[in-house]
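Peer 1: Below you'll find model-v5.cif; it's mmCIF, C-alpha atoms.
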```cif
data_start
loop_
_atom_site.label_atom_id
_atom_site.label_comp_id
_atom_site.auth_asym_id
_atom_site.auth_seq_id
_atom_site.Cartn_x
_atom_site.Cartn_y
_atom_site.Cartn_z
CA MET B 115 130.49 55.31 159.02
CA GLU B 116 133.48 54.33 156.87
CA SER B 117 137.20 54.39 157.58
CA THR B 118 139.90 54.39 154.92
CA THR B 119 142.59 51.71 154.68
CA SER B 120 145.34 51.06 152.18
CA SER B 121 143.00 48.71 150.31
CA GLY B 122 139.99 51.02 150.22
CA ARG B 123 137.01 51.69 152.43
CA VAL B 124 135.99 49.70 155.50
CA ILE B 125 132.54 49.99 157.07
CA GLN B 126 133.28 50.87 160.68
CA SER B 127 130.47 48.80 162.19
CA VAL B 128 131.60 45.71 160.25
CA GLN B 129 135.19 46.23 161.38
CA ARG B 130 134.08 46.57 164.98
CA ALA B 131 131.93 43.44 164.80
CA PHE B 132 134.86 41.40 163.49
CA ASP B 133 137.15 42.89 166.13
CA LEU B 134 134.75 41.59 168.77
CA LEU B 135 134.58 38.14 167.16
CA GLU B 136 138.38 37.95 167.02
CA HIS B 137 138.68 38.92 170.69
CA ILE B 138 136.12 36.27 171.69
CA ALA B 139 137.93 33.66 169.57
CA ARG B 140 141.15 34.29 171.52
CA GLN B 141 139.43 33.45 174.82
CA PRO B 142 138.65 29.69 175.11
CA GLU B 143 136.38 30.35 178.09
CA GLY B 144 134.71 33.32 176.45
CA ALA B 145 134.91 37.03 177.24
CA ARG B 146 132.62 39.39 179.13
CA LEU B 147 131.27 42.70 177.88
CA SER B 148 133.74 44.79 179.92
CA GLU B 149 136.75 42.83 178.60
CA LEU B 150 135.54 43.11 175.02
CA ALA B 151 134.78 46.82 175.25
CA ASP B 152 138.21 47.54 176.75
CA GLY B 153 140.01 45.22 174.34
CA THR B 154 138.47 46.79 171.24
CA GLY B 155 138.44 50.40 172.47
CA LEU B 156 134.64 50.64 172.23
CA ASN B 157 132.31 52.18 174.74
CA ARG B 158 130.14 49.59 176.47
CA SER B 159 126.92 50.69 174.84
CA THR B 160 128.32 50.27 171.32
CA ALA B 161 129.96 46.95 172.20
CA HIS B 162 126.73 45.68 173.78
CA ASN B 163 124.66 46.59 170.72
CA LEU B 164 127.09 44.88 168.36
CA LEU B 165 127.27 41.79 170.57
CA ALA B 166 123.47 41.64 170.73
CA SER B 167 123.35 41.65 166.93
CA LEU B 168 125.99 38.91 166.67
CA GLU B 169 124.10 36.85 169.24
CA GLU B 170 120.79 37.31 167.41
CA LEU B 171 122.50 36.15 164.18
CA GLY B 172 123.75 33.03 165.96
CA TYR B 173 127.51 33.71 165.83
CA ILE B 174 128.00 34.07 169.60
CA THR B 175 126.12 32.91 172.67
CA GLN B 176 125.87 33.39 176.43
CA ASP B 177 124.92 30.74 178.98
CA ARG B 178 122.97 33.41 180.83
CA LYS B 179 122.60 37.18 180.86
CA GLY B 180 125.84 38.81 182.04
CA ALA B 181 127.94 35.70 181.39
CA ALA B 182 130.89 35.52 179.04
CA TYR B 183 130.26 35.51 175.30
CA ARG B 184 131.46 32.45 173.37
CA LEU B 185 131.58 31.61 169.69
CA THR B 186 129.03 29.13 168.33
CA GLY B 187 129.73 26.73 165.48
CA LYS B 188 128.09 28.99 162.91
CA LEU B 189 131.35 30.49 161.67
CA THR B 190 132.70 27.04 160.85
CA GLN B 191 129.59 26.38 158.75
CA LEU B 192 130.80 29.00 156.30
CA VAL B 193 133.94 27.02 155.47
CA ARG B 194 134.04 23.45 154.20
CA PRO B 195 137.08 21.27 155.04
CA ASP B 196 140.02 21.98 152.75
CA ALA B 197 140.11 19.84 149.64
CA GLU B 198 143.00 17.64 150.77
CA ALA B 199 141.44 16.82 154.14
CA GLU B 200 138.05 16.17 152.56
CA HIS B 201 139.61 13.89 149.95
CA ALA B 202 141.38 11.92 152.70
CA LEU B 203 138.14 11.54 154.66
CA ARG B 204 136.20 10.39 151.62
CA ALA B 205 138.92 7.88 150.72
CA ARG B 206 138.73 6.34 154.20
CA ILE B 207 134.95 6.27 154.25
CA TRP B 208 134.45 4.84 150.75
CA PRO B 209 135.12 1.20 151.77
CA VAL B 210 132.74 1.68 154.72
CA LEU B 211 129.98 2.78 152.33
CA GLN B 212 130.67 -0.25 150.15
CA ALA B 213 130.68 -2.63 153.11
CA VAL B 214 127.47 -1.43 154.75
CA SER B 215 125.65 -1.12 151.44
CA GLY B 216 126.70 -4.64 150.45
CA ALA B 217 125.73 -6.14 153.80
CA SER B 218 122.38 -4.34 154.04
CA GLY B 219 121.49 -4.43 150.36
CA GLU B 220 120.49 -0.75 150.58
CA SER B 221 121.90 2.57 149.41
CA ALA B 222 124.63 4.15 151.53
CA PHE B 223 125.83 7.74 151.38
CA LEU B 224 128.18 10.21 153.03
CA GLY B 225 127.02 13.76 153.83
CA LEU B 226 129.02 16.80 154.95
CA VAL B 227 127.69 19.87 156.73
CA SER B 228 127.23 22.80 154.36
CA GLY B 229 125.62 25.77 156.10
CA SER B 230 122.18 24.70 157.36
CA ASP B 231 122.16 21.79 154.86
CA TYR B 232 124.17 18.69 154.32
CA LEU B 233 125.82 17.93 150.99
CA CYS B 234 125.92 14.36 149.70
CA VAL B 235 129.50 13.83 148.51
CA ASP B 236 129.61 10.05 147.93
CA ALA B 237 127.03 7.31 147.50
CA VAL B 238 126.87 3.56 146.84
CA LEU B 239 123.47 2.67 145.42
CA SER B 240 121.60 -0.55 146.05
CA ASP B 241 121.39 -2.88 143.06
CA LYS B 242 117.83 -3.88 143.94
CA PRO B 243 115.10 -2.77 141.51
CA LEU B 244 113.39 -0.75 144.24
CA HIS B 245 115.90 1.44 146.07
CA LEU B 246 116.61 5.01 147.18
CA ALA B 247 118.55 6.91 144.53
CA VAL B 248 120.90 9.36 146.24
CA ARG B 249 123.22 11.43 144.07
CA PRO B 250 126.46 13.20 145.03
CA GLY B 251 125.90 16.95 144.85
CA GLU B 252 122.41 16.85 146.35
CA ARG B 253 121.81 19.30 149.21
CA THR B 254 119.25 18.58 151.93
CA PRO B 255 118.22 20.63 155.00
CA LEU B 256 119.72 19.31 158.24
CA ILE B 257 116.37 19.45 160.01
CA GLY B 258 113.97 16.74 158.93
CA GLN B 259 116.40 13.99 157.84
CA ALA B 260 118.15 11.28 159.86
CA LEU B 261 121.58 12.22 158.53
CA GLY B 262 121.01 15.86 159.42
CA HIS B 263 119.70 14.96 162.87
CA THR B 264 122.78 12.91 163.76
CA LEU B 265 124.99 15.84 162.71
CA LEU B 266 122.95 18.28 164.80
CA ALA B 267 123.19 15.88 167.74
CA ALA B 268 126.98 15.73 167.33
CA ASP B 269 127.64 19.51 167.25
CA ALA B 270 126.03 21.74 169.87
CA GLY B 271 127.14 24.93 168.14
CA LEU B 272 125.70 23.82 164.82
CA ALA B 273 122.47 22.80 166.53
CA GLN B 274 122.16 26.16 168.24
CA SER B 275 122.56 28.18 165.06
CA VAL B 276 120.23 25.95 163.01
CA ARG B 277 117.63 26.09 165.77
CA ALA B 278 117.83 29.89 165.82
CA GLN B 279 117.28 30.03 162.05
CA ASP B 280 114.14 27.87 162.08
CA PRO B 281 112.77 27.40 165.62
CA GLU B 282 109.38 26.15 164.44
CA ARG B 283 110.78 23.33 162.32
CA TRP B 284 113.32 22.53 165.03
CA GLN B 285 110.49 22.05 167.50
CA GLN B 286 108.80 19.62 165.13
CA HIS B 287 111.90 17.40 165.12
CA ALA B 288 113.38 18.10 168.57
CA LYS B 289 112.44 14.64 169.85
CA GLU B 290 114.31 12.86 167.01
CA ILE B 291 117.39 15.08 167.46
CA ASN B 292 117.44 14.46 171.22
CA GLU B 293 117.08 10.73 170.60
CA ALA B 294 120.01 10.84 168.18
CA GLN B 295 122.16 12.54 170.81
CA ARG B 296 121.20 9.96 173.43
CA LYS B 297 121.62 6.86 171.25
CA GLY B 298 124.47 7.89 168.97
CA PHE B 299 122.49 7.34 165.78
CA ALA B 300 119.39 8.82 164.17
CA LEU B 301 116.38 7.04 162.71
CA ASP B 302 113.82 8.11 160.15
CA LEU B 303 110.96 5.62 160.25
CA ASP B 304 108.89 6.33 157.17
CA SER B 305 108.26 9.93 158.27
CA GLU B 306 109.87 12.33 155.77
CA LYS B 307 109.51 10.32 152.56
CA ALA B 308 106.58 7.94 152.28
CA GLY B 309 107.79 4.36 152.15
CA ILE B 310 111.44 5.20 152.94
CA SER B 311 113.29 4.63 156.22
CA CYS B 312 116.85 5.55 157.16
CA VAL B 313 119.52 5.25 159.83
CA ALA B 314 122.50 7.63 160.16
CA VAL B 315 125.69 7.66 162.23
CA ALA B 316 128.02 10.65 162.63
CA VAL B 317 131.64 10.12 161.61
CA THR B 318 132.67 13.60 162.86
CA PRO B 319 130.57 16.62 163.87
CA ARG B 320 130.80 17.63 160.19
CA ALA B 321 130.25 14.28 158.43
CA ALA B 322 127.85 11.35 158.70
CA ILE B 323 126.95 8.10 156.97
CA ALA B 324 123.40 6.98 156.24
CA ILE B 325 121.70 3.84 154.94
CA ALA B 326 118.24 4.27 153.44
CA GLY B 327 115.73 2.18 151.55
CA PRO B 328 112.14 0.92 151.44
CA THR B 329 110.49 0.71 154.86
CA SER B 330 109.24 -2.76 153.98
CA ARG B 331 112.86 -3.97 154.12
CA LEU B 332 114.01 -1.73 156.99
CA PRO B 333 112.03 -2.17 160.20
CA LYS B 334 113.35 -0.44 163.30
CA THR B 335 115.20 -3.51 164.57
CA ARG B 336 117.01 -3.85 161.25
CA LEU B 337 118.00 -0.17 161.24
CA ILE B 338 119.52 -0.51 164.71
CA GLN B 339 121.55 -3.52 163.55
CA ILE B 340 122.79 -1.49 160.59
CA ALA B 341 123.83 1.38 162.89
CA GLN B 342 125.95 -1.10 164.88
CA HIS B 343 127.48 -2.39 161.65
CA ILE B 344 128.34 1.15 160.50
CA ARG B 345 130.13 1.77 163.79
CA ALA B 346 132.07 -1.48 163.48
CA GLU B 347 133.19 -0.62 159.95
CA LEU B 348 134.20 2.89 161.01
CA ASP B 349 136.35 1.44 163.78
CA LYS B 350 138.29 -0.51 161.14
CA VAL B 351 139.30 2.62 159.22
CA ARG B 352 139.49 5.17 162.03
CA PRO B 353 142.87 6.98 162.01
CA ALA B 354 145.02 6.03 165.02
CA GLY B 355 146.02 8.94 167.22
CA GLN B 356 144.60 11.62 164.97
CA GLY B 357 141.31 13.13 163.89
CA TRP B 358 139.36 12.30 160.78
CA LEU B 359 139.93 15.80 159.36
#
```
Give the structure from this file in structure tokens form.

Peer 2:
Amino acid sequence: MESTTSSGRVIQSVQRAFDLLEHIARQPEGARLSELADGTGLNRSTAHNLLASLEELGYITQDRKGAAYRLTGKLTQLVRPDAEAEHALRARIWPVLQAVSGASGESAFLGLVSGSDYLCVDAVLSDKPLHLAVRPGERTPLIGQALGHTLLAADAGLAQSVRAQDPERWQQHAKEINEAQRKGFALDLDSEKAGISCVAVAVTPRAAIAIAGPTSRLPKTRLIQIAQHIRAELDKVRPAGQGWL
């Protein structure tokens, strides 16, 4: 069904779905079915069906059946940080990339969440003949890579929506993601790319730094040392009294 507005036609079901999302967004603790139906003027059956669809798509969640509905992080995946904020973040992180790349001798790169992928936005490449070549502009799925795993570990809403999109692949890497959440960094020990190992540390729930190179030069103990160095360098440039973005 369509309704007419001053700007043209609006699909009624789409309008109702967004009304529900907006009502949930105004409730930090979430909102129950009865509140949402009353607040949007929908009967409970219609509201329930729309909410079930939004939940299946990963935009809202419930802790249990009958509990309040809350937004997940999926909506934020649709919007990248504004250009000014992203530029400021990249400017602060650039010397960190240079420092950890120089100290480790390996390639360092910064990735930002972009949907169910991460986007490489900056990289400092190793000057060694054999090194990992990472290029700004490359997109990589979050599941299956150390940098993606540390981002998933840092953002429960993002993890929930990505898991819903690909539960089978999530299950294959659930152990690494859980480890990243527990330790505060993620490791890839020669598993995704033959001969390449990597360590990644989240800067924010939307951004992370990784160091990667030949496994022959990056045993597990070395990767853990690099993770500690990344954290130390981040502490030097972390904004005082404000967020990164």

Peer 1: With distances taken over only C-alpha atoms, which of B:Leu168, B:Ala197, B:Cys234, B:Ala316 is nearest to Leu348 in chain B?

Peer 2: B:Ala316

Peer 1: Report the residues retrieved by the PyMOL selection byres ((chain B and resi 186) around 12) from the displayed file, expressed as a VMD selection string.

Peer 2: chain B and resid 135 138 to 139 142 144 168 to 177 183 to 185 187 to 191 269 to 276 278

Peer 1: Take the residues from that selection and put them in a file with C-alpha atoms, as a CSV table (one decimal), in the coordinates of the input.

Peer 2:
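Below is the file that was written, result-v3.csv:
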```csv
chain,number,residue,atom,x,y,z
B,135,LEU,CA,134.6,38.1,167.2
B,138,ILE,CA,136.1,36.3,171.7
B,139,ALA,CA,137.9,33.7,169.6
B,142,PRO,CA,138.6,29.7,175.1
B,144,GLY,CA,134.7,33.3,176.4
B,168,LEU,CA,126.0,38.9,166.7
B,169,GLU,CA,124.1,36.8,169.2
B,170,GLU,CA,120.8,37.3,167.4
B,171,LEU,CA,122.5,36.2,164.2
B,172,GLY,CA,123.8,33.0,166.0
B,173,TYR,CA,127.5,33.7,165.8
B,174,ILE,CA,128.0,34.1,169.6
B,175,THR,CA,126.1,32.9,172.7
B,176,GLN,CA,125.9,33.4,176.4
B,177,ASP,CA,124.9,30.7,179.0
B,183,TYR,CA,130.3,35.5,175.3
B,184,ARG,CA,131.5,32.4,173.4
B,185,LEU,CA,131.6,31.6,169.7
B,187,GLY,CA,129.7,26.7,165.5
B,188,LYS,CA,128.1,29.0,162.9
B,189,LEU,CA,131.4,30.5,161.7
B,190,THR,CA,132.7,27.0,160.8
B,191,GLN,CA,129.6,26.4,158.8
B,269,ASP,CA,127.6,19.5,167.2
B,270,ALA,CA,126.0,21.7,169.9
B,271,GLY,CA,127.1,24.9,168.1
B,272,LEU,CA,125.7,23.8,164.8
B,273,ALA,CA,122.5,22.8,166.5
B,274,GLN,CA,122.2,26.2,168.2
B,275,SER,CA,122.6,28.2,165.1
B,276,VAL,CA,120.2,26.0,163.0
B,278,ALA,CA,117.8,29.9,165.8
```

Peer 1: Determine, counting only C-alpha atoms, which protein, DNA and RNA residues have an atom within 10 Å of an atom of Asp304 in chain B; residues of the same chain fewer than 2 positions away are not included. Present the result as a list in words.

Peer 2: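 Here the answer would be Leu301, Asp302, Glu306, Lys307, Ala308, Gly309, Ile310, Ser311, Cys312, Gly327, Pro328, Thr329, Ser330, Leu332 and Pro333 of chain B.
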
Peer 1: Please list as a PyMOL selection string every residue within 8 Å of range 249-256 of chain B, counting all atoms listed in the file and excluding residues in the same chain fewer than 4 positions away.

Peer 2: chain B and resi 230-237+261-263+265-266

Peer 1: Just want the 12 Å neighbourhood of Arg206 in chain B, counted on only C-alpha atoms, with same-chain residues fewer than 2 positions away dropped. Output as a PDB file with C-alpha atoms, in the frame of the given file.

Peer 2:
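The resulting file, result12.pdb, is reproduced below:
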```
ATOM      1  CA  ALA B 199     141.440  16.820 154.140  1.00  0.00           C
ATOM      2  CA  GLU B 200     138.050  16.170 152.560  1.00  0.00           C
ATOM      3  CA  HIS B 201     139.610  13.890 149.950  1.00  0.00           C
ATOM      4  CA  ALA B 202     141.380  11.920 152.700  1.00  0.00           C
ATOM      5  CA  LEU B 203     138.140  11.540 154.660  1.00  0.00           C
ATOM      6  CA  ARG B 204     136.200  10.390 151.620  1.00  0.00           C
ATOM      7  CA  TRP B 208     134.450   4.840 150.750  1.00  0.00           C
ATOM      8  CA  PRO B 209     135.120   1.200 151.770  1.00  0.00           C
ATOM      9  CA  VAL B 210     132.740   1.680 154.720  1.00  0.00           C
ATOM     10  CA  LEU B 211     129.980   2.780 152.330  1.00  0.00           C
ATOM     11  CA  GLN B 212     130.670  -0.250 150.150  1.00  0.00           C
ATOM     12  CA  LEU B 224     128.180  10.210 153.030  1.00  0.00           C
ATOM     13  CA  ASP B 236     129.610  10.050 147.930  1.00  0.00           C
ATOM     14  CA  VAL B 317     131.640  10.120 161.610  1.00  0.00           C
ATOM     15  CA  GLU B 347     133.190  -0.620 159.950  1.00  0.00           C
ATOM     16  CA  LEU B 348     134.200   2.890 161.010  1.00  0.00           C
ATOM     17  CA  ASP B 349     136.350   1.440 163.780  1.00  0.00           C
ATOM     18  CA  LYS B 350     138.290  -0.510 161.140  1.00  0.00           C
ATOM     19  CA  VAL B 351     139.300   2.620 159.220  1.00  0.00           C
ATOM     20  CA  ARG B 352     139.490   5.170 162.030  1.00  0.00           C
ATOM     21  CA  PRO B 353     142.870   6.980 162.010  1.00  0.00           C
ATOM     22  CA  TRP B 358     139.360  12.300 160.780  1.00  0.00           C
ATOM     23  CA  LEU B 359     139.930  15.800 159.360  1.00  0.00           C
TER      24      LEU B 359
END
```

Peer 1: For the provided coordinates, the residues matched by the PyMOL selection byres ((chain B and resi 293) around 12) should be stated as a ChimeraX atom specification.

Peer 2: /B:260,263-264,266-268,287-292,294-302

Peer 1: Interatomic distance between CA of Gln259 in chain B and CA of Lys242 in chain B?

Peer 2: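 Spanning CA of Gln259 in chain B to CA of Lys242 in chain B is a straight-line distance of 22.7 Å.
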
Peer 1: Kindly indicate which residue among B:Gly225, B:Gly219, B:Pro243, B:Pro281 lies nearest to Ala324 in chain B, using only C-alpha atoms for the distances.

Peer 2: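 Of B:Gly225, B:Gly219, B:Pro243, B:Pro281, the one nearest Ala324 in chain B, counting only C-alpha atoms, is B:Gly225.
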
Peer 1: Starting from 5 Å padding per side, set up an axis-aligned box that covers all listed atoms of range 271-278 of chain B and hand over centre and edge lengths in Å, one decimal, as AutoDock Vina command-line options.

Peer 2:
```
--center_x 122.4 --center_y 26.3 --center_z 165.6 --size_x 19.5 --size_y 17.1 --size_z 15.2
```

Peer 1: Between CA of Ile344 in chain B and CA of Ile257 in chain B, what is the distance in Å, rounded to a tenth?

Peer 2: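 Separation of CA of Ile344 in chain B and CA of Ile257 in chain B: 21.9 Å.
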
Peer 1: Compute the distance from (127.6, 47.2, 168.1) to each atom, counting all atoms listed in the file, keep the residues with any atom at most 12 Å away, and return them as a list in words; use the coordinates of the file.

Peer 2: Gln126, Ser127, Val128, Gln129, Arg130, Ala131, Phe132, Asp133, Leu134, Leu135, Leu147, Leu150, Ala151, Thr154, Leu156, Asn157, Arg158, Ser159, Thr160, Ala161, His162, Asn163, Leu164, Leu165, Ala166, Ser167, Leu168 and Glu169 of chain B

Peer 1: Kindly give the distance, in Å, that separates CA of Thr318 in chain B and CA of Val238 in chain B, rounded to a single decimal.

Peer 2: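 Atom-to-atom, CA of Thr318 in chain B and CA of Val238 in chain B are spaced 19.8 Å apart.
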
Peer 1: Taking the point (123.1, 0.4, 161.8) as given in the file, collect each protein or nucleic acid residue that comes within 10 Å of it, counting all atoms listed in the file, and present the set as a list of chain:residue names.

Peer 2: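 Looking at atoms near the point gives B:Val214, B:Ser218, B:Phe299, B:Ala300, B:Leu301, B:Cys312, B:Val313, B:Ala314, B:Val315, B:Ile323, B:Ala324, B:Ile325, B:Lys334, B:Thr335, B:Arg336, B:Leu337, B:Ile338, B:Gln339, B:Ile340, B:Ala341, B:Gln342, B:His343, B:Ile344, B:Arg345, B:Ala346.
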
Peer 1: With only C-alpha atoms as the basis for distance, which of B:Pro319, B:Ala213, B:Arg283, B:Ala326 is at the shortest distance from Ala247 in chain B?

Peer 2: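 That would be B:Ala326, the residue with the smallest distance to Ala247 in chain B.
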
Peer 1: Which one is closest to Asp241 in chain B: B:Val124, B:Ala321, B:Ala222, B:Ile207? Count all atoms listed in the file.

Peer 2: B:Ala222
